[in-house]
>>> print(open('coords.pdb').read())   # PDB, C-alpha atoms
ATOM      1  CA  MET A   1      13.753  25.082 -87.940
ATOM      2  CA  PRO A   2      15.815  28.219 -88.733
ATOM      3  CA  ASN A   3      17.076  26.486 -91.902
ATOM      4  CA  GLU A   4      13.483  25.913 -93.083
ATOM      5  CA  THR A   5      12.615  29.541 -92.317
ATOM      6  CA  THR A   6      15.615  30.708 -94.342
ATOM      7  CA  LYS A   7      14.754  28.357 -97.185
ATOM      8  CA  ASN A   8      11.117  29.508 -97.217
ATOM      9  CA  LYS A   9      12.218  33.157 -97.233
ATOM     10  CA  ILE A  10      14.519  32.510-100.191
ATOM     11  CA  VAL A  11      11.765  30.691-102.106
ATOM     12  CA  SER A  12       9.274  33.456-101.353
ATOM     13  CA  VAL A  13      11.584  36.216-102.562
ATOM     14  CA  ALA A  14      12.680  34.181-105.588
ATOM     15  CA  SER A  15       9.055  33.542-106.516
ATOM     16  CA  LYS A  16       8.314  37.266-106.557
ATOM     17  CA  LEU A  17      11.444  38.160-108.504
ATOM     18  CA  PHE A  18      11.108  35.341-111.040
ATOM     19  CA  GLY A  19       7.437  36.258-111.416
ATOM     20  CA  ARG A  20       8.221  39.911-112.045
ATOM     21  CA  TYR A  21      11.412  39.726-114.124
ATOM     22  CA  GLY A  22      11.457  36.168-115.439
ATOM     23  CA  PHE A  23      14.003  33.403-115.046
ATOM     24  CA  TYR A  24      16.666  34.968-117.287
ATOM     25  CA  LYS A  25      16.676  38.441-115.760
ATOM     26  CA  THR A  26      16.649  37.331-112.123
ATOM     27  CA  SER A  27      20.047  36.690-110.570
ATOM     28  CA  MET A  28      21.017  34.790-107.459
ATOM     29  CA  ASP A  29      22.776  37.974-106.292
ATOM     30  CA  GLU A  30      19.503  39.884-106.457
ATOM     31  CA  ILE A  31      17.602  37.113-104.660
ATOM     32  CA  ALA A  32      20.245  37.124-101.903
ATOM     33  CA  ARG A  33      20.127  40.929-101.608
ATOM     34  CA  ILE A  34      16.306  41.180-101.453
ATOM     35  CA  SER A  35      15.978  38.242 -99.048
ATOM     36  CA  ARG A  36      18.781  39.709 -96.905
ATOM     37  CA  LYS A  37      20.634  36.416 -96.947
ATOM     38  CA  ALA A  38      24.225  35.707 -97.852
ATOM     39  CA  LYS A  39      24.665  34.291-101.333
ATOM     40  CA  GLY A  40      26.253  31.256 -99.688
ATOM     41  CA  SER A  41      22.982  30.676 -97.859
ATOM     42  CA  LEU A  42      21.180  30.427-101.204
ATOM     43  CA  TYR A  43      23.682  27.863-102.441
ATOM     44  CA  TYR A  44      23.436  25.960 -99.162
ATOM     45  CA  HIS A  45      19.749  25.336 -99.891
ATOM     46  CA  PHE A  46      19.837  25.291-103.710
ATOM     47  CA  LYS A  47      22.713  24.125-105.904
ATOM     48  CA  SER A  48      21.755  26.457-108.735
ATOM     49  CA  LYS A  49      19.297  29.045-109.959
ATOM     50  CA  GLU A  50      17.627  26.234-111.926
ATOM     51  CA  GLU A  51      17.066  24.211-108.753
ATOM     52  CA  LEU A  52      15.624  27.248-106.983
ATOM     53  CA  PHE A  53      13.331  28.013-109.910
ATOM     54  CA  THR A  54      12.185  24.384-109.963
ATOM     55  CA  GLU A  55      11.271  24.701-106.266
ATOM     56  CA  VAL A  56       9.322  27.890-106.979
ATOM     57  CA  VAL A  57       7.357  26.273-109.817
ATOM     58  CA  ALA A  58       6.842  23.131-107.717
ATOM     59  CA  LYS A  59       5.188  25.277-105.029
ATOM     60  CA  GLU A  60       2.839  26.804-107.613
ATOM     61  CA  ILE A  61       1.940  23.356-108.931
ATOM     62  CA  SER A  62       1.493  22.001-105.409
ATOM     63  CA  SER A  63      -0.855  24.864-104.582
ATOM     64  CA  MET A  64      -2.887  24.077-107.682
ATOM     65  CA  GLN A  65      -3.003  20.376-106.798
ATOM     66  CA  VAL A  66      -4.282  21.128-103.296
ATOM     67  CA  GLN A  67      -7.047  23.365-104.642
ATOM     68  CA  LEU A  68      -8.046  20.898-107.361
ATOM     69  CA  SER A  69      -7.980  17.926-104.965
ATOM     70  CA  VAL A  70     -10.623  19.622-102.832
ATOM     71  CA  ILE A  71     -12.920  19.612-105.870
ATOM     72  CA  VAL A  72     -12.123  16.047-106.950
ATOM     73  CA  THR A  73     -12.785  14.645-103.463
ATOM     74  CA  ASP A  74     -15.960  16.662-102.856
ATOM     75  CA  SER A  75     -18.584  13.909-102.541
ATOM     76  CA  SER A  76     -21.432  16.420-102.668
ATOM     77  CA  LEU A  77     -20.737  17.231-106.335
ATOM     78  CA  GLN A  78     -21.947  15.241-109.313
ATOM     79  CA  ALA A  79     -19.315  14.590-111.963
ATOM     80  CA  ASP A  80     -20.605  17.164-114.467
ATOM     81  CA  GLU A  81     -20.456  19.927-111.845
ATOM     82  CA  LYS A  82     -17.111  18.600-110.601
ATOM     83  CA  ILE A  83     -15.445  18.740-114.044
ATOM     84  CA  LYS A  84     -16.780  22.260-114.528
ATOM     85  CA  LYS A  85     -15.427  23.463-111.167
ATOM     86  CA  TYR A  86     -12.143  21.634-111.775
ATOM     87  CA  LEU A  87     -11.542  23.298-115.134
ATOM     88  CA  LEU A  88     -12.537  26.754-113.921
ATOM     89  CA  LYS A  89     -10.326  26.474-110.827
ATOM     90  CA  ARG A  90      -7.428  25.131-112.920
ATOM     91  CA  MET A  91      -7.558  28.133-115.236
ATOM     92  CA  GLU A  92      -7.953  30.564-112.338
ATOM     93  CA  VAL A  93      -4.990  29.165-110.406
ATOM     94  CA  LEU A  94      -2.723  28.945-113.441
ATOM     95  CA  TYR A  95      -3.639  32.493-114.403
ATOM     96  CA  SER A  96      -1.926  33.732-111.255
ATOM     97  CA  ALA A  97       1.022  31.279-111.491
ATOM     98  CA  ALA A  98       3.504  33.649-113.151
ATOM     99  CA  ASN A  99       6.465  31.306-112.785
ATOM    100  CA  TYR A 100       4.602  28.431-114.399
ATOM    101  CA  HIS A 101       3.944  30.797-117.337
ATOM    102  CA  GLU A 102       7.698  31.207-117.728
ATOM    103  CA  THR A 103       8.051  27.463-118.381
ATOM    104  CA  LEU A 104       5.635  27.767-121.329
ATOM    105  CA  LYS A 105       7.813  30.190-123.274
ATOM    106  CA  ALA A 106       9.498  28.649-126.300
ATOM    107  CA  ASP A 107      12.977  29.918-125.458
ATOM    108  CA  PHE A 108      12.683  28.528-121.942
ATOM    109  CA  PHE A 109      11.245  25.199-123.076
ATOM    110  CA  GLU A 110      13.960  24.727-125.733
ATOM    111  CA  HIS A 111      16.929  25.514-123.512
ATOM    112  CA  PHE A 112      16.009  24.184-120.087
ATOM    113  CA  ASP A 113      14.866  20.643-119.531
ATOM    114  CA  PHE A 114      15.328  20.740-115.748
ATOM    115  CA  ILE A 115      11.633  21.469-115.315
ATOM    116  CA  ASP A 116      10.492  18.535-117.492
ATOM    117  CA  ASN A 117      10.175  16.048-114.615
ATOM    118  CA  LEU A 118       7.965  18.462-112.726
ATOM    119  CA  ARG A 119       5.727  18.995-115.750
ATOM    120  CA  ASN A 120       5.528  15.239-116.438
ATOM    121  CA  GLU A 121       4.620  14.504-112.803
ATOM    122  CA  MET A 122       1.874  17.118-113.050
ATOM    123  CA  ASP A 123       0.496  15.446-116.192
ATOM    124  CA  VAL A 124       0.372  12.045-114.482
ATOM    125  CA  TRP A 125      -1.306  13.540-111.405
ATOM    126  CA  GLU A 126      -3.823  15.491-113.457
ATOM    127  CA  LYS A 127      -4.763  12.512-115.639
ATOM    128  CA  GLU A 128      -5.594  10.570-112.494
ATOM    129  CA  GLN A 129      -7.826  13.374-111.187
ATOM    130  CA  ILE A 130      -9.714  13.702-114.461
ATOM    131  CA  LYS A 131     -10.011   9.908-114.706
ATOM    132  CA  GLN A 132     -11.674   9.817-111.280
ATOM    133  CA  ILE A 133     -14.183  12.446-112.354
ATOM    134  CA  ILE A 134     -14.971  10.704-115.659
ATOM    135  CA  LEU A 135     -15.396   7.319-113.979
ATOM    136  CA  GLN A 136     -17.623   8.930-111.344
ATOM    137  CA  GLY A 137     -19.728  10.454-114.130
ATOM    138  CA  ILE A 138     -20.056   7.111-115.896
ATOM    139  CA  GLY A 139     -21.065   5.497-112.615
ATOM    140  CA  GLU A 140     -23.666   8.191-111.987
ATOM    141  CA  GLY A 141     -25.009   7.826-115.504
ATOM    142  CA  VAL A 142     -24.141  11.468-116.233
ATOM    143  CA  PHE A 143     -21.386  10.614-118.741
ATOM    144  CA  ALA A 144     -21.590   8.073-121.548
ATOM    145  CA  GLU A 145     -19.716   4.774-121.372
ATOM    146  CA  LEU A 146     -16.361   5.057-123.114
ATOM    147  CA  LYS A 147     -15.908   3.091-126.315
ATOM    148  CA  GLY A 148     -12.139   3.404-126.447
ATOM    149  CA  ASP A 149      -9.153   3.432-124.137
ATOM    150  CA  ILE A 150      -9.646   5.914-121.284
ATOM    151  CA  ASN A 151      -5.899   6.584-121.214
ATOM    152  CA  VAL A 152      -5.989   7.876-124.795
ATOM    153  CA  LEU A 153      -8.926  10.120-123.887
ATOM    154  CA  LEU A 154      -6.963  11.438-120.897
ATOM    155  CA  ASP A 155      -3.875  12.115-123.036
ATOM    156  CA  VAL A 156      -5.976  14.120-125.499
ATOM    157  CA  PHE A 157      -7.759  15.921-122.674
ATOM    158  CA  ILE A 158      -4.414  17.026-121.204
ATOM    159  CA  MET A 159      -3.162  18.079-124.654
ATOM    160  CA  VAL A 160      -6.240  20.256-125.106
ATOM    161  CA  LEU A 161      -5.817  21.843-121.663
ATOM    162  CA  LYS A 162      -2.125  22.515-122.271
ATOM    163  CA  GLY A 163      -2.883  23.841-125.736
ATOM    164  CA  LEU A 164      -5.002  26.560-124.134
ATOM    165  CA  GLU A 165      -2.230  27.660-121.791
ATOM    166  CA  ILE A 166      -0.133  29.548-124.342
ATOM    167  CA  PRO A 167      -2.913  31.774-125.699
ATOM    168  CA  PHE A 168      -4.463  32.260-122.258
ATOM    169  CA  PHE A 169      -1.326  33.043-120.297
ATOM    170  CA  LEU A 170       1.452  34.064-122.697
ATOM    171  CA  GLN A 171      -0.619  35.847-125.314
ATOM    172  CA  GLU A 172      -2.648  37.412-122.498
ATOM    173  CA  LYS A 173      -6.037  36.356-123.860
ATOM    174  CA  TYR A 174      -7.284  34.911-120.567
ATOM    175  CA  GLU A 175      -9.339  37.946-119.584
ATOM    176  CA  HIS A 176     -10.798  38.191-123.099
ATOM    177  CA  TYR A 177     -11.989  34.562-123.072
ATOM    178  CA  GLU A 178     -12.800  34.233-119.359
ATOM    179  CA  PRO A 179     -16.442  35.353-119.792
ATOM    180  CA  TYR A 180     -16.936  32.442-122.243
ATOM    181  CA  PHE A 181     -15.429  29.678-120.068
ATOM    182  CA  ASP A 182     -18.817  28.605-118.780
ATOM    183  CA  ASP A 183     -20.156  28.049-122.312
ATOM    184  CA  LEU A 184     -16.970  26.263-123.438
ATOM    185  CA  ILE A 185     -17.162  23.900-120.472
ATOM    186  CA  LYS A 186     -20.831  23.205-121.181
ATOM    187  CA  ILE A 187     -19.824  22.045-124.676
ATOM    188  CA  LEU A 188     -17.189  19.763-123.170
ATOM    189  CA  ILE A 189     -19.605  18.306-120.626
ATOM    190  CA  LYS A 190     -22.191  17.789-123.353
ATOM    191  CA  GLY A 191     -19.572  15.787-125.282
ATOM    192  CA  LEU A 192     -18.976  13.564-122.263
ATOM    193  CA  GLY A 193     -22.697  13.262-121.564
ATOM    194  CA  LYS A 194     -25.093  10.550-122.619
TER
END
>>> encode(input="coords.pdb", output="structure tokens")
Amino acid sequence: MPNETTKNKIVSVASKLFGRYGFYKTSMDEIARISRKAKGSLYYHFKSKEELFTEVVAKEISSMQVQLSVIVTDSSLQADEKIKKYLLKRMEVLYSAANYHETLKADFFEHFDFIDNLRNEMDVWEKEQIKQIILQGIGEGVFAELKGDINVLLDVFIMVLKGLEIPFFLQEKYEHYEPYFDDLIKILIKGLGK
């Protein structure tokens, strides 16, 4: 158990430092110093700074998945309300996920592919969640029957969501657009509707 406590402490400190200074400007020496652990302890748990950063981002994504799963599995919600809550919660959680924001930066994305598997796994997971909501809505008669391949619709849906991430989180337009999210989601739901 002490090893898990040490590992959790390292991840916690790394998350704060990466979130404040970014991946490039945060060193393993600084993480070791702030966490009051020997540098060897960091390398015992993580082979590299990249592996540690991947763990930090994985925790942010996992937190988002837990919060979104609660919405997807809520049987008291109709699909139109569920998709609305899902999208609002997704934006809210990602807004505070500073380390995830780092992975969106062009210089990061171009030079480091170690995070790609994590991002791809998230896409697969998220498509499944949205698919469940859409199929629920079709079953409830809230959403129209699909004429094409649902997988293509899901791919486009994810592209649209990811396309919003850069202006919202990197260009810091989230707070400017946040008051309009409700209206934007209504347009989306109307498009899915009958």
>>> resolve_selection(input="coords.pdb", expression="the PyMOL selection byres ((chain A and resi 8-19) around 12)", output="JSON, numbers by chain")
{"A": [1, 2, 3, 4, 5, 6, 7, 20, 21, 22, 23, 24, 25, 26, 27, 28, 29, 30, 31, 32, 33, 34, 35, 36, 37, 38, 39, 40, 41, 42, 43, 44, 45, 46, 49, 50, 51, 52, 53, 54, 55, 56, 57, 58, 59, 60, 96, 97, 98, 99, 100, 101, 102, 103]}
>>> closest_atom_pairs(input="coords.pdb", of="region 121-173 of chain A", to="region 70-88 of chain A", cutoff="8 Å", atoms="all atoms listed in the file", output="CSV")
residue,atom,partner,partner_atom,distance
A:Gln129,CA,A:Val72,CA,6.6
A:Ile130,CA,A:Ile83,CA,7.6
A:Gln132,CA,A:Val72,CA,7.6
A:Ile133,CA,A:Ala79,CA,5.6
A:Ile134,CA,A:Ala79,CA,6.9
A:Gln136,CA,A:Ala79,CA,5.9
A:Gly137,CA,A:Ala79,CA,4.7
A:Glu140,CA,A:Gln78,CA,7.7
A:Val142,CA,A:Asp80,CA,6.9
A:Phe143,CA,A:Asp80,CA,7.9
>>> write_last_selection(input="coords.pdb", atoms="C-alpha atoms", output="PDB file, in the coordinates of the input")
ATOM      1  CA  GLN A 129      -7.826  13.374-111.187  1.00  0.00           C
ATOM      2  CA  ILE A 130      -9.714  13.702-114.461  1.00  0.00           C
ATOM      3  CA  GLN A 132     -11.674   9.817-111.280  1.00  0.00           C
ATOM      4  CA  ILE A 133     -14.183  12.446-112.354  1.00  0.00           C
ATOM      5  CA  ILE A 134     -14.971  10.704-115.659  1.00  0.00           C
ATOM      6  CA  GLN A 136     -17.623   8.930-111.344  1.00  0.00           C
ATOM      7  CA  GLY A 137     -19.728  10.454-114.130  1.00  0.00           C
ATOM      8  CA  GLU A 140     -23.666   8.191-111.987  1.00  0.00           C
ATOM      9  CA  VAL A 142     -24.141  11.468-116.233  1.00  0.00           C
ATOM     10  CA  PHE A 143     -21.386  10.614-118.741  1.00  0.00           C
TER      11      PHE A 143
END
>>> atom_distance(input="coords.pdb", atom1="CA of Val156 (chain A)", atom2="CA of Leu192 (chain A)")
13.4 Å
>>> atom_distance(input="coords.pdb", atom1="CA of Tyr174 (chain A)", atom2="CA of Val152 (chain A)")
27.4 Å
>>> atom_distance(input="coords.pdb", atom1="CA of Gly148 (chain A)", atom2="CA of Glu165 (chain A)")
26.6 Å
>>> axis_aligned_box(input="coords.pdb", around="region 87-103 of chain A", padding_each_side="6 Å", output="JSON")
{"center_x": -2.2, "center_y": 28.5, "center_z": -114.4, "size_x": 32.6, "size_y": 22.4, "size_z": 20.0}
>>> closest_residue(input="coords.pdb", among="A:Ile158, A:Gln67, A:Ile185, A:Leu135", to="Asp123 (chain A)", atoms="only C-alpha atoms")
A:Ile158
>>> closest_residue(input="coords.pdb", among="A:Phe181, A:Val66, A:Lys186, A:Met122", to="Lys162 (chain A)", atoms="only C-alpha atoms")
A:Met122
>>> build_atoms(input="coords.pdb", residues="region 20-33 of chain A", atoms="N, CA and C atoms", output="short mmCIF file (atom, residue, chain, number, x, y, z; two decimals), keeping the file's coordinate frame")
data_model
loop_
_atom_site.label_atom_id
_atom_site.label_comp_id
_atom_site.auth_asym_id
_atom_site.auth_seq_id
_atom_site.Cartn_x
_atom_site.Cartn_y
_atom_site.Cartn_z
N ARG A 20 8.20 38.55 -111.52
CA ARG A 20 8.22 39.91 -112.04
C ARG A 20 9.17 40.06 -113.23
N TYR A 21 10.38 39.49 -113.11
CA TYR A 21 11.41 39.73 -114.12
C TYR A 21 11.69 38.52 -115.03
N GLY A 22 11.19 37.37 -114.65
CA GLY A 22 11.46 36.17 -115.44
C GLY A 22 12.71 35.45 -114.97
N PHE A 23 12.87 34.25 -115.44
CA PHE A 23 14.00 33.40 -115.05
C PHE A 23 15.33 34.01 -115.48
N TYR A 24 15.40 34.46 -116.73
CA TYR A 24 16.67 34.97 -117.29
C TYR A 24 17.16 36.22 -116.58
N LYS A 25 16.28 37.13 -116.28
CA LYS A 25 16.68 38.44 -115.76
C LYS A 25 16.81 38.49 -114.24
N THR A 26 16.52 37.39 -113.58
CA THR A 26 16.65 37.33 -112.12
C THR A 26 17.96 36.64 -111.79
N SER A 27 18.75 37.28 -110.95
CA SER A 27 20.05 36.69 -110.57
C SER A 27 20.01 36.20 -109.12
N MET A 28 20.89 35.28 -108.84
CA MET A 28 21.02 34.79 -107.46
C MET A 28 21.50 35.92 -106.54
N ASP A 29 22.32 36.82 -107.08
CA ASP A 29 22.78 37.97 -106.29
C ASP A 29 21.59 38.83 -105.84
N GLU A 30 20.67 39.06 -106.77
CA GLU A 30 19.50 39.88 -106.46
C GLU A 30 18.59 39.18 -105.44
N ILE A 31 18.42 37.88 -105.61
CA ILE A 31 17.60 37.11 -104.66
C ILE A 31 18.23 37.19 -103.27
N ALA A 32 19.55 37.05 -103.20
CA ALA A 32 20.24 37.12 -101.90
C ALA A 32 20.08 38.51 -101.29
N ARG A 33 20.22 39.56 -102.11
CA ARG A 33 20.13 40.93 -101.61
C ARG A 33 18.73 41.22 -101.07
#
